[in-house]
file upload_27.cif (mmCIF, C-alpha atoms)
data_final
loop_
_atom_site.label_atom_id
_atom_site.label_comp_id
_atom_site.auth_asym_id
_atom_site.auth_seq_id
_atom_site.Cartn_x
_atom_site.Cartn_y
_atom_site.Cartn_z
CA MET F 240 -5.82 12.91 -23.32
CA THR F 241 -6.46 15.65 -25.83
CA ALA F 242 -4.89 19.08 -25.37
CA VAL F 243 -7.40 21.57 -24.05
CA ASP F 244 -7.04 25.30 -24.72
CA THR F 245 -6.86 26.18 -21.03
CA GLN F 246 -5.41 29.64 -20.62
CA LEU F 247 -2.71 30.23 -18.05
CA SER F 248 -2.77 33.35 -15.92
CA ALA F 249 0.26 35.60 -15.57
CA GLU F 250 0.85 34.08 -12.13
CA GLU F 251 0.74 30.54 -13.55
CA ILE F 252 3.12 31.43 -16.36
CA LYS F 253 5.62 32.65 -13.78
CA ARG F 254 4.97 29.64 -11.52
CA TYR F 255 5.53 27.10 -14.31
CA SER F 256 8.25 29.02 -16.15
CA ARG F 257 10.80 26.21 -15.80
CA HIS F 258 8.34 23.90 -17.54
CA LEU F 259 7.47 26.37 -20.26
CA ILE F 260 11.07 26.71 -21.44
CA LEU F 261 11.43 22.94 -21.87
CA PRO F 262 10.99 22.16 -25.60
CA GLU F 263 9.25 18.90 -24.61
CA VAL F 264 6.67 20.78 -22.53
CA THR F 265 6.20 24.43 -23.62
CA LEU F 266 3.04 26.43 -23.07
CA GLU F 267 0.90 23.85 -24.85
CA GLY F 268 2.21 21.06 -22.63
CA GLN F 269 1.48 23.04 -19.49
CA LYS F 270 -2.05 23.54 -20.76
CA LYS F 271 -2.33 19.75 -21.08
CA LEU F 272 -1.25 19.38 -17.46
CA LYS F 273 -3.81 21.95 -16.34
CA ALA F 274 -6.54 20.18 -18.29
CA ALA F 275 -5.59 16.74 -16.94
CA SER F 276 -6.97 14.82 -13.98
CA VAL F 277 -5.11 12.26 -11.90
CA LEU F 278 -6.50 9.98 -9.18
CA VAL F 279 -4.14 9.02 -6.36
CA ILE F 280 -5.32 5.98 -4.41
CA GLY F 281 -3.78 6.18 -0.95
CA SER F 282 -2.21 9.22 0.69
CA GLY F 283 0.53 7.35 2.55
CA GLY F 284 4.20 6.85 1.78
CA LEU F 285 3.73 6.82 -1.99
CA GLY F 286 0.68 9.04 -2.29
CA ALA F 287 2.34 11.82 -0.29
CA PRO F 288 5.22 12.65 -2.67
CA VAL F 289 3.13 11.80 -5.73
CA SER F 290 0.36 14.26 -4.85
CA MET F 291 2.76 17.01 -3.81
CA TYR F 292 4.72 16.86 -7.06
CA LEU F 293 1.59 16.61 -9.17
CA ALA F 294 0.16 19.67 -7.45
CA ALA F 295 3.41 21.59 -7.89
CA ALA F 296 3.55 20.56 -11.57
CA GLY F 297 0.12 22.07 -12.23
CA ILE F 298 -2.14 19.05 -12.74
CA GLY F 299 -5.56 20.70 -12.92
CA ARG F 300 -7.52 18.14 -10.94
CA ILE F 301 -6.17 15.70 -8.36
CA GLY F 302 -8.41 13.12 -6.70
CA MET F 303 -7.32 11.42 -3.48
CA VAL F 304 -8.78 8.30 -1.88
CA ASP F 305 -8.13 7.44 1.77
CA PHE F 306 -10.11 6.82 4.95
CA ASP F 307 -7.39 6.90 7.61
CA VAL F 308 -6.22 9.48 10.13
CA VAL F 309 -2.67 10.72 10.57
CA ASP F 310 -0.68 8.66 13.07
CA GLU F 311 2.70 9.52 14.59
CA SER F 312 4.23 6.51 12.85
CA ASN F 313 3.29 8.06 9.48
CA LEU F 314 5.52 11.11 9.93
CA GLN F 315 8.77 9.23 9.25
CA ARG F 316 7.90 8.95 5.54
CA GLN F 317 4.55 10.57 4.72
CA ILE F 318 5.87 14.07 4.09
CA LEU F 319 2.44 15.39 3.17
CA PHE F 320 1.74 15.63 6.92
CA ASP F 321 3.42 17.20 9.93
CA THR F 322 3.20 16.85 13.70
CA LYS F 323 0.18 19.12 14.11
CA ASP F 324 -1.80 16.82 11.76
CA VAL F 325 -1.65 13.79 14.07
CA GLY F 326 -5.20 12.63 14.75
CA THR F 327 -6.58 14.57 11.75
CA HIS F 328 -8.24 12.83 8.82
CA LYS F 329 -5.55 12.39 6.21
CA LEU F 330 -7.56 13.87 3.37
CA THR F 331 -8.38 16.99 5.38
CA ALA F 332 -4.69 17.58 6.05
CA ALA F 333 -3.78 16.61 2.48
CA ARG F 334 -6.19 19.11 0.92
CA ASP F 335 -4.81 21.92 3.07
CA ARG F 336 -1.20 21.07 2.22
CA LEU F 337 -1.75 20.63 -1.52
CA THR F 338 -3.78 23.82 -1.76
CA ALA F 339 -0.96 25.65 0.02
CA ILE F 340 1.50 24.26 -2.54
CA ASN F 341 -0.65 25.31 -5.49
CA PRO F 342 -4.01 27.07 -5.07
CA ASN F 343 -4.69 26.68 -8.81
CA VAL F 344 -5.25 22.93 -8.45
CA GLN F 345 -8.66 21.37 -7.77
CA ILE F 346 -8.42 18.76 -5.01
CA ASP F 347 -11.18 16.13 -4.87
CA THR F 348 -11.27 13.90 -1.81
CA TYR F 349 -12.95 10.51 -1.37
CA GLU F 350 -12.92 9.61 2.30
CA ALA F 351 -13.88 5.98 1.90
CA ARG F 352 -12.39 2.53 1.69
CA PHE F 353 -11.67 1.87 -2.00
CA SER F 354 -13.57 -1.27 -2.97
CA SER F 355 -15.60 -2.97 -5.66
CA ASP F 356 -18.61 -0.95 -4.47
CA ASN F 357 -17.17 2.42 -5.45
CA ALA F 358 -14.04 1.81 -7.58
CA LEU F 359 -15.59 2.31 -11.02
CA ASP F 360 -17.45 5.47 -10.04
CA ILE F 361 -14.36 7.00 -8.42
CA ILE F 362 -11.93 6.17 -11.25
CA LYS F 363 -14.18 7.00 -14.20
CA PRO F 364 -13.71 10.82 -14.32
CA TYR F 365 -9.88 10.67 -14.23
CA ASP F 366 -7.31 10.41 -17.02
CA VAL F 367 -4.60 8.58 -15.07
CA VAL F 368 -4.72 6.48 -11.90
CA ILE F 369 -1.78 6.16 -9.50
CA ASP F 370 -1.76 3.14 -7.20
CA GLY F 371 -0.15 4.19 -3.92
CA THR F 372 -1.74 1.45 -1.83
CA ASP F 373 -0.10 -1.03 0.51
CA ASN F 374 -2.45 -4.04 0.45
CA PHE F 375 -3.36 -6.69 -2.08
CA PRO F 376 -7.17 -6.33 -2.12
CA THR F 377 -6.92 -2.66 -3.16
CA ARG F 378 -4.19 -3.38 -5.72
CA TYR F 379 -6.28 -6.04 -7.45
CA CYS F 380 -9.40 -3.87 -7.27
CA THR F 381 -7.52 -0.88 -8.74
CA ASN F 382 -6.10 -3.03 -11.52
CA ASP F 383 -9.40 -4.60 -12.52
CA ALA F 384 -11.29 -1.30 -12.48
CA CYS F 385 -8.58 0.39 -14.59
CA VAL F 386 -8.67 -2.41 -17.17
CA MET F 387 -12.45 -2.26 -17.38
CA LEU F 388 -12.39 1.52 -17.85
CA GLY F 389 -9.29 1.65 -20.04
CA LYS F 390 -7.32 3.87 -17.65
CA PRO F 391 -3.51 3.86 -17.31
CA ASN F 392 -2.50 2.59 -13.86
CA VAL F 393 0.85 3.84 -12.55
CA TYR F 394 1.83 1.19 -10.01
CA GLY F 395 4.37 1.37 -7.20
CA SER F 396 5.19 -0.65 -4.10
CA ILE F 397 7.74 -0.44 -1.29
CA PHE F 398 9.09 -2.71 1.44
CA ARG F 399 12.04 -2.28 3.78
CA PHE F 400 14.82 -1.00 1.45
CA GLU F 401 13.36 -1.93 -1.94
CA GLY F 402 10.71 -0.49 -4.20
CA GLN F 403 9.38 -1.01 -7.70
CA ALA F 404 7.28 0.83 -10.26
CA THR F 405 5.69 0.25 -13.64
CA VAL F 406 2.81 1.44 -15.82
CA PHE F 407 -0.09 -0.88 -16.55
CA ASP F 408 -1.70 0.56 -19.68
CA PRO F 409 -4.84 -1.27 -20.87
CA ARG F 410 -5.57 1.24 -23.65
CA GLU F 411 -5.57 -0.19 -27.17
CA GLY F 412 -2.34 -0.15 -29.13
CA ALA F 413 -1.92 -0.17 -32.89
CA ASP F 414 -2.73 -3.88 -32.98
CA GLY F 415 -6.04 -3.36 -31.18
CA LYS F 416 -4.74 -5.09 -28.03
CA PRO F 417 -3.76 -3.50 -24.70
CA LYS F 418 -0.48 -1.60 -24.85
CA GLY F 419 0.91 -3.58 -21.94
CA PRO F 420 0.22 -6.12 -19.22
CA CYS F 421 -1.92 -5.59 -16.16
CA TYR F 422 -1.17 -6.41 -12.52
CA ARG F 423 -2.75 -9.85 -12.90
CA CYS F 424 -0.31 -10.72 -15.70
CA LEU F 425 2.47 -10.39 -13.11
CA TYR F 426 0.59 -11.80 -10.14
CA PRO F 427 -2.37 -13.97 -11.23
CA GLU F 428 -3.05 -14.86 -7.60
CA PRO F 429 -2.27 -13.03 -4.34
CA PRO F 430 0.42 -14.55 -2.09
CA PRO F 431 -0.72 -16.97 0.62
CA PRO F 432 -2.26 -15.06 3.55
CA GLY F 433 0.38 -13.84 5.98
CA MET F 434 3.32 -14.61 3.67
CA ALA F 435 3.82 -10.99 2.56
CA PRO F 436 4.24 -8.81 5.66
CA SER F 437 3.16 -5.19 5.49
CA CYS F 438 5.44 -2.21 6.08
CA ALA F 439 3.90 -2.03 9.56
CA GLU F 440 5.45 -5.41 10.34
CA GLY F 441 8.53 -5.43 8.10
CA GLY F 442 9.43 -1.75 8.25
CA VAL F 443 10.42 0.68 5.51
CA LEU F 444 13.23 3.20 5.08
CA GLY F 445 11.49 6.55 5.29
CA ILE F 446 13.13 7.99 2.17
CA LEU F 447 12.32 4.99 -0.03
CA PRO F 448 8.71 5.94 -0.88
CA GLY F 449 9.95 9.38 -1.90
CA VAL F 450 12.11 7.82 -4.61
CA VAL F 451 9.40 5.45 -5.88
CA GLY F 452 6.68 8.09 -5.58
CA CYS F 453 8.74 10.50 -7.68
CA ILE F 454 9.04 7.81 -10.36
CA GLN F 455 5.25 7.38 -10.34
CA ALA F 456 4.65 11.12 -10.59
CA THR F 457 7.14 11.34 -13.47
CA GLU F 458 5.36 8.57 -15.36
CA ALA F 459 2.00 10.29 -14.89
CA LEU F 460 3.34 13.55 -16.34
CA LYS F 461 4.88 11.70 -19.30
CA LEU F 462 1.58 9.98 -20.04
CA ILE F 463 -0.30 13.28 -19.96
CA LEU F 464 2.26 15.15 -22.04
CA GLY F 465 2.79 12.25 -24.45
CA ILE F 466 6.56 12.49 -24.18
CA GLY F 467 9.41 10.09 -23.49
CA LYS F 468 9.23 6.34 -23.08
CA PRO F 469 6.76 5.27 -20.40
CA LEU F 470 7.35 2.28 -18.13
CA THR F 471 4.74 0.23 -19.99
CA ASN F 472 6.10 -3.31 -20.50
CA ARG F 473 8.95 -2.51 -18.12
CA LEU F 474 9.35 -2.69 -14.35
CA VAL F 475 12.00 -0.71 -12.49
CA ARG F 476 13.21 -2.12 -9.19
CA TYR F 477 15.20 0.07 -6.80
CA ASN F 478 17.47 -1.19 -4.02
CA ALA F 479 18.33 1.65 -1.66
CA LEU F 480 21.05 -0.25 0.22
CA ASP F 481 23.00 -0.97 -2.98
CA MET F 482 21.82 2.27 -4.67
CA GLN F 483 20.97 0.16 -7.68
CA PHE F 484 18.21 0.35 -10.27
CA ARG F 485 17.36 -2.73 -12.30
CA GLU F 486 14.93 -2.99 -15.19
CA PHE F 487 12.84 -6.03 -16.06
CA LYS F 488 10.82 -6.64 -19.22
CA LEU F 489 7.14 -7.37 -18.75
CA ARG F 490 4.81 -9.06 -21.20
CA ARG F 491 1.05 -9.22 -21.37
CA ASP F 492 -0.31 -12.69 -20.75
CA PRO F 493 -2.75 -13.53 -23.58
CA ASP F 494 -4.45 -15.92 -21.15
CA CYS F 495 -4.80 -13.30 -18.40
CA PRO F 496 -8.35 -13.49 -17.00
CA MET F 497 -8.51 -9.69 -16.87
CA CYS F 498 -6.72 -8.23 -19.91
CA GLY F 499 -6.11 -11.38 -22.01
CA ASP F 500 -7.49 -12.17 -25.42
CA ASN F 501 -10.54 -13.89 -23.88
CA PRO F 502 -11.02 -12.34 -20.42
CA SER F 503 -13.12 -14.29 -17.95
CA ILE F 504 -13.44 -11.54 -15.32
CA THR F 505 -16.20 -9.20 -16.39
CA GLU F 506 -17.11 -7.49 -13.12
CA LEU F 507 -15.45 -6.45 -9.88
CA ILE F 508 -15.38 -9.10 -7.16
CA ASP F 509 -15.00 -9.32 -3.38
CA TYR F 510 -11.27 -8.59 -3.15
CA GLU F 511 -11.04 -9.09 0.60
CA GLN F 512 -12.25 -12.66 0.13
CA PHE F 513 -10.08 -13.15 -2.97
CA CYS F 514 -6.97 -12.22 -0.98
CA GLY F 515 -7.95 -14.19 2.11
CA ILE F 516 -8.55 -11.25 4.43
CA ARG F 517 -10.78 -12.02 7.39
CA GLY F 518 -12.27 -8.59 7.95
CA GLU F 519 -11.84 -4.92 7.16
CA GLU F 520 -10.41 -3.94 10.50
CA SER F 521 -8.55 -7.17 11.24
CA ASP F 522 -4.79 -7.72 11.12
CA THR F 523 -5.34 -11.45 10.79
CA VAL F 524 -6.20 -13.63 7.83
CA ILE F 525 -8.36 -16.57 6.83
CA ARG F 526 -6.56 -19.92 7.11
CA ASP F 527 -7.43 -23.45 6.20
CA THR F 528 -7.80 -24.31 9.88
CA GLU F 529 -9.27 -22.05 12.52
CA ILE F 530 -6.62 -20.61 14.82
CA PRO F 531 -7.72 -20.34 18.46
CA GLU F 532 -7.36 -16.78 19.67
CA ILE F 533 -7.72 -14.72 22.81
CA ASP F 534 -7.72 -10.95 23.13
CA VAL F 535 -5.34 -8.96 25.30
CA ASN F 536 -7.90 -8.65 28.10
CA GLN F 537 -8.04 -12.44 28.33
CA LEU F 538 -4.24 -12.56 28.24
CA LYS F 539 -4.08 -10.12 31.15
CA ALA F 540 -6.50 -12.30 33.11
CA LEU F 541 -4.33 -15.35 32.46
CA ILE F 542 -1.21 -13.50 33.59
CA ASP F 543 -2.96 -12.39 36.78
CA GLY F 544 -4.50 -15.82 37.39
CA ASP F 545 -3.24 -19.20 38.54
CA GLU F 546 -3.39 -21.16 35.27
CA ALA F 547 0.01 -22.39 34.09
CA PHE F 548 1.07 -21.34 30.61
CA GLU F 549 4.07 -20.00 28.71
CA LEU F 550 3.93 -16.74 26.79
CA ILE F 551 5.91 -16.80 23.52
CA ASP F 552 6.90 -13.66 21.59
CA VAL F 553 7.69 -14.48 17.94
CA ARG F 554 8.94 -11.04 16.90
CA GLU F 555 12.56 -10.26 16.09
CA PRO F 556 15.13 -9.37 18.80
CA HIS F 557 15.33 -5.72 17.69
CA GLU F 558 11.55 -5.45 18.10
CA TYR F 559 11.73 -7.05 21.54
CA ASP F 560 14.24 -4.35 22.52
CA ILE F 561 11.67 -1.67 21.63
CA ALA F 562 8.82 -3.10 23.68
CA SER F 563 7.88 -6.35 25.40
CA ILE F 564 5.16 -7.93 27.52
CA PRO F 565 6.34 -9.07 30.97
CA LYS F 566 7.26 -12.78 31.22
CA ALA F 567 7.21 -13.27 27.44
CA LYS F 568 9.93 -15.56 26.07
CA LEU F 569 11.42 -14.48 22.75
CA VAL F 570 11.39 -17.14 20.01
CA PRO F 571 11.44 -15.44 16.57
CA LEU F 572 9.04 -16.91 14.04
CA ARG F 573 11.91 -17.99 11.76
CA GLN F 574 13.18 -20.23 14.59
CA ILE F 575 9.86 -21.91 15.38
CA PRO F 576 10.13 -24.81 12.86
CA ALA F 577 13.53 -25.85 14.22
CA LYS F 578 12.41 -25.56 17.85
CA LEU F 579 9.13 -27.46 17.64
CA SER F 580 10.68 -30.57 19.16
CA GLN F 581 11.89 -28.52 22.13
CA PHE F 582 8.42 -27.40 23.18
CA ASP F 583 6.64 -29.36 25.95
CA SER F 584 3.50 -31.12 24.66
CA THR F 585 2.01 -30.99 28.18
CA LYS F 586 2.21 -27.21 28.37
CA LYS F 587 -0.19 -24.52 27.27
CA TYR F 588 1.39 -21.86 25.02
CA ILE F 589 0.09 -18.36 24.34
CA VAL F 590 1.78 -16.69 21.34
CA HIS F 591 1.97 -13.04 20.36
CA CYS F 592 3.76 -10.78 17.87
CA LYS F 593 3.28 -7.14 16.88
CA MET F 594 -0.26 -7.32 15.44
CA GLY F 595 -1.25 -10.97 15.36
CA GLY F 596 -0.20 -12.14 11.88
CA ARG F 597 3.15 -13.77 12.57
CA SER F 598 1.93 -15.29 15.82
CA ALA F 599 -0.99 -16.88 13.93
CA GLN F 600 1.55 -18.53 11.62
CA ALA F 601 3.51 -19.76 14.63
CA VAL F 602 0.39 -21.14 16.31
CA GLU F 603 -0.56 -22.98 13.14
CA LEU F 604 2.87 -24.63 13.01
CA MET F 605 2.77 -25.49 16.69
CA ARG F 606 -0.70 -26.98 16.55
CA GLU F 607 0.26 -29.06 13.52
CA ALA F 608 3.05 -30.45 15.73
CA GLY F 609 0.48 -31.42 18.37
CA LEU F 610 1.09 -28.52 20.75
CA ASP F 611 -1.56 -26.59 22.68
CA ALA F 612 -1.04 -23.09 21.28
CA THR F 613 -3.29 -20.02 21.15
CA ASN F 614 -2.81 -16.73 19.33
CA VAL F 615 -3.12 -13.26 20.87
CA ALA F 616 -5.26 -11.12 18.57
CA GLY F 617 -3.83 -7.67 17.97
CA GLY F 618 -0.47 -8.54 19.49
CA ILE F 619 1.64 -6.15 21.53
CA LEU F 620 0.05 -3.12 19.86
CA ALA F 621 -3.30 -4.12 21.35
CA TRP F 622 -1.59 -4.72 24.70
CA SER F 623 -0.16 -1.20 24.60
CA ALA F 624 -3.48 0.34 23.56
CA LYS F 625 -5.78 -1.54 25.94
CA ILE F 626 -3.72 -2.86 28.86
CA ASP F 627 -0.47 -1.02 29.47
CA PRO F 628 0.12 2.34 27.72
CA SER F 629 3.65 2.46 29.15
CA VAL F 630 4.58 -0.23 26.62
CA PRO F 631 5.73 1.74 23.53
CA SER F 632 3.67 1.44 20.35
CA TYR F 633 5.79 1.24 17.22
#

call {"tool": "encode", "arguments": {"input": "upload_27.cif", "output": "structure tokens"}}
result
Amino acid sequence: MTAVDTQLSAEEIKRYSRHLILPEVTLEGQKKLKAASVLVIGSGGLGAPVSMYLAAAGIGRIGMVDFDVVDESNLQRQILFDTKDVGTHKLTAARDRLTAINPNVQIDTYEARFSSDNALDIIKPYDVVIDGTDNFPTRYCTNDACVMLGKPNVYGSIFRFEGQATVFDPREGADGKPKGPCYRCLYPEPPPPGMAPSCAEGGVLGILPGVVGCIQATEALKLILGIGKPLTNRLVRYNALDMQFREFKLRRDPDCPMCGDNPSITELIDYEQFCGIRGEESDTVIRDTEIPEIDVNQLKALIDGDEAFELIDVREPHEYDIASIPKAKLVPLRQIPAKLSQFDSTKKYIVHCKMGGRSAQAVELMREAGLDATNVAGGILAWSAKIDPSVPSY
């Protein structure tokens, strides 16, 4: 990222005055920020604080990738949006908010699902990429595209009360090899489908993404300015409950199929298939054995009919307190293995959770034990949306 002689207006000099008096930044550094471009993939918990601080700092061009609309459940942590934005396309609301923060910044929006079909074209014009995503297919796709294009990838992730961040920098170092590892060096393969719950199922402290997002924004500025010690070859993990930061050393894997000495991956792949995702709009996953499923309309018909069955809710007790389906018996997923012997092999069991992922795991365990069990696709959220709106959606 070469310094560009981009003049600052009198208004910009006043706006960025606290940067200009930093010896590590100065007027020349602020010109670098104005000349720089950063792509933020995802405008959710991480992308919200990242984009706001980058805009305030004077990054000249910010690209944002997202295809979702603002939901009420976003407002607890996605501070880029407010109540009036509910139902609005995220990128529409994001552009308005970022422009209000700093009208000198160019905001590019890509309202599309980030995938192997468009990743290279979207990333190519930008100096730095920030991964603010919350799913494995997009993380692997972002990583592979950044390695192929030689773009620094500022990575962050959050879950419940913990978050982590690092910089994957595939640019050549003095030895002619990448400066640091890539995402595949840490995680060569995605976790088994369903084993890593999303924030929608596991929850997240609303303030947590603000902390991790600020770390990501800081790393992006350091890369552009060429100052400090970036998080390349290091991973910072933050525990909000203990208020503790821990640092771990990372090393590039010379046998990594993406950034290793003899890479075997030479083009982007189908990342949904690679990570075992069944479909773009599905909350369920591909498994070795097909899981029998019914939708909530079929469940309602069973409840209203004469067929004998038992409805099992495998969520946690605190979730059951928020919302429940009538006649459902609570048996948390973690208790299922120990209770398999207590189920009646002559009974028919219908199993649900919040969205269908945990209940699919429960059904798989139950069927392996010889029980007649069927999953409810979409879980209680689908029940609330399609059958009974009085059941709270959370």

call {"tool": "closest_residue", "arguments": {"input": "upload_27.cif", "among": "F:Ala404, F:Phe306, F:Lys329, F:Ala459", "to": "Lys390 (chain F)", "atoms": "only C-alpha atoms"}}
result
F:Ala459

call {"tool": "closest_residue", "arguments": {"input": "upload_27.cif", "among": "F:Ser584, F:Asn382, F:Thr377, F:Thr331", "to": "Cys514 (chain F)", "atoms": "only C-alpha atoms"}}
result
F:Thr377

call {"tool": "resolve_selection", "arguments": {"input": "upload_27.cif", "expression": "the PyMOL selection byres ((chain F and resi 406) around 9)", "output": "list of chain:residue names"}}
result
F:Pro391, F:Asn392, F:Val393, F:Tyr394, F:Gly395, F:Ala404, F:Thr405, F:Phe407, F:Asp408, F:Gly419, F:Pro420, F:Cys421, F:Gln455, F:Glu458, F:Ala459, F:Pro469, F:Leu470, F:Thr471, F:Asn472, F:Arg473, F:Leu474

call {"tool": "atom_distance", "arguments": {"input": "upload_27.cif", "atom1": "CA of Val553 (chain F)", "atom2": "CA of Val443 (chain F)"}}
result
19.8 Å

call {"tool": "residues_around", "arguments": {"input": "upload_27.cif", "residues": "Ala287 (chain F)", "least_positions_apart": "3", "cutoff": "10 Å", "atoms": "all atoms listed in the file", "output": "list in words"}}
result
Val279, Gly281, Ser282, Gly283, Gly284, Ser290, Met291, Tyr292, Arg316, Gln317, Ile318, Leu319, Phe320, Ala333, Leu337, Gly371, Pro448, Gly449, Gly452 and Cys453 of chain F

call {"tool": "axis_aligned_box", "arguments": {"input": "upload_27.cif", "around": "region 463-471 of chain F", "padding_each_side": "8 Å", "output": "lines of an AutoDock Vina configuration file"}}
result
center_x = 4.6
center_y = 7.7
center_z = -21.3
size_x = 25.7
size_y = 30.9
size_z = 22.3

call {"tool": "resolve_selection", "arguments": {"input": "upload_27.cif", "expression": "the PyMOL selection byres ((chain F and resi 383) around 12)", "output": "ChimeraX atom specification"}}
result
/F:354-355,358-359,362,376-382,384-392,407-409,420-424,427,495-498,502-510

call {"tool": "closest_residue", "arguments": {"input": "upload_27.cif", "among": "F:Ala332, F:Ala294, F:Asp492, F:Glu511", "to": "Tyr426 (chain F)", "atoms": "all atoms listed in the file"}}
result
F:Asp492

call {"tool": "resolve_selection", "arguments": {"input": "upload_27.cif", "expression": "the PyMOL selection byres ((chain F and resi 341) around 10)", "output": "ChimeraX atom specification"}}
result
/F:251,254,291,293-298,336-340,342-345

call {"tool": "residues_around", "arguments": {"input": "upload_27.cif", "residues": "Arg554 (chain F)", "least_positions_apart": "4", "cutoff": "10 Å", "atoms": "all atoms listed in the file", "output": "list of chain:residue names"}}
result
F:Glu440, F:Glu558, F:Tyr559, F:Ser563, F:Leu569, F:Val570, F:Pro571, F:Leu572, F:Arg573, F:His591, F:Cys592, F:Lys593, F:Arg597, F:Ser598, F:Ile619

call {"tool": "atom_distance", "arguments": {"input": "upload_27.cif", "atom1": "CA of Ile369 (chain F)", "atom2": "CA of Gly326 (chain F)"}}
result
25.3 Å

call {"tool": "atom_distance", "arguments": {"input": "upload_27.cif", "atom1": "CA of Ser580 (chain F)", "atom2": "CA of Val615 (chain F)"}}
result
22.2 Å

call {"tool": "closest_atom_pairs", "arguments": {"input": "upload_27.cif", "of": "region 399-516 of chain F", "to": "region 257-277 of chain F", "cutoff": "8 Å", "atoms": "all atoms listed in the file", "output": "CSV"}}
result
residue,atom,partner,partner_atom,distance
F:Ala459,CA,F:Val277,CA,8.0
F:Leu460,CA,F:Leu272,CA,7.5
F:Ile463,CA,F:Leu272,CA,6.7
F:Leu464,CA,F:Gly268,CA,5.9
F:Ile466,CA,F:Glu263,CA,7.0

call {"tool": "closest_residue", "arguments": {"input": "upload_27.cif", "among": "F:Asp534, F:Asp494, F:Asp500, F:Glu549", "to": "Ile626 (chain F)", "atoms": "all atoms listed in the file"}}
result
F:Asp534

call {"tool": "closest_residue", "arguments": {"input": "upload_27.cif", "among": "F:Thr585, F:Asn374, F:Thr327, F:Thr322", "to": "Val308 (chain F)", "atoms": "all atoms listed in the file"}}
result
F:Thr327

call {"tool": "closest_residue", "arguments": {"input": "upload_27.cif", "among": "F:Ile454, F:Val630, F:Ala624, F:Val368", "to": "Pro288 (chain F)", "atoms": "only C-alpha atoms"}}
result
F:Ile454

call {"tool": "decode", "arguments": {"input": "upload_27.cif", "residues": "region 381-412 of chain F", "atoms": "C-alpha atoms", "output": "CSV table (one decimal), in the first residue's frame"}}
result
chain,number,residue,atom,x,y,z
F,381,THR,CA,-12.7,-15.5,2.2
F,382,ASN,CA,-9.4,-17.2,3.2
F,383,ASP,CA,-8.8,-18.9,-0.1
F,384,ALA,CA,-9.6,-15.9,-2.2
F,385,CYS,CA,-7.3,-13.7,-0.1
F,386,VAL,CA,-4.4,-16.1,-0.4
F,387,MET,CA,-4.9,-16.4,-4.2
F,388,LEU,CA,-5.0,-12.6,-4.5
F,389,GLY,CA,-2.3,-11.9,-1.9
F,390,LYS,CA,-4.6,-9.7,0.3
F,391,PRO,CA,-4.2,-9.4,4.1
F,392,ASN,CA,-7.2,-11.0,5.8
F,393,VAL,CA,-8.1,-9.6,9.3
F,394,TYR,CA,-10.0,-12.4,10.9
F,395,GLY,CA,-12.3,-12.3,13.9
F,396,SER,CA,-14.9,-14.6,15.5
F,397,ILE,CA,-17.3,-14.4,18.5
F,398,PHE,CA,-19.4,-16.9,20.5
F,399,ARG,CA,-21.2,-16.4,23.8
F,400,PHE,CA,-18.6,-14.6,26.0
F,401,GLU,CA,-15.4,-15.3,24.0
F,402,GLY,CA,-13.9,-13.8,20.8
F,403,GLN,CA,-10.6,-14.1,18.9
F,404,ALA,CA,-8.8,-12.2,16.2
F,405,THR,CA,-5.7,-12.5,14.1
F,406,VAL,CA,-4.2,-11.3,10.8
F,407,PHE,CA,-3.7,-13.8,8.0
F,408,ASP,CA,-1.1,-12.2,5.7
F,409,PRO,CA,-0.3,-14.2,2.5
F,410,ARG,CA,1.9,-11.5,1.1
F,411,GLU,CA,5.6,-12.5,0.5
F,412,GLY,CA,8.0,-11.9,3.3
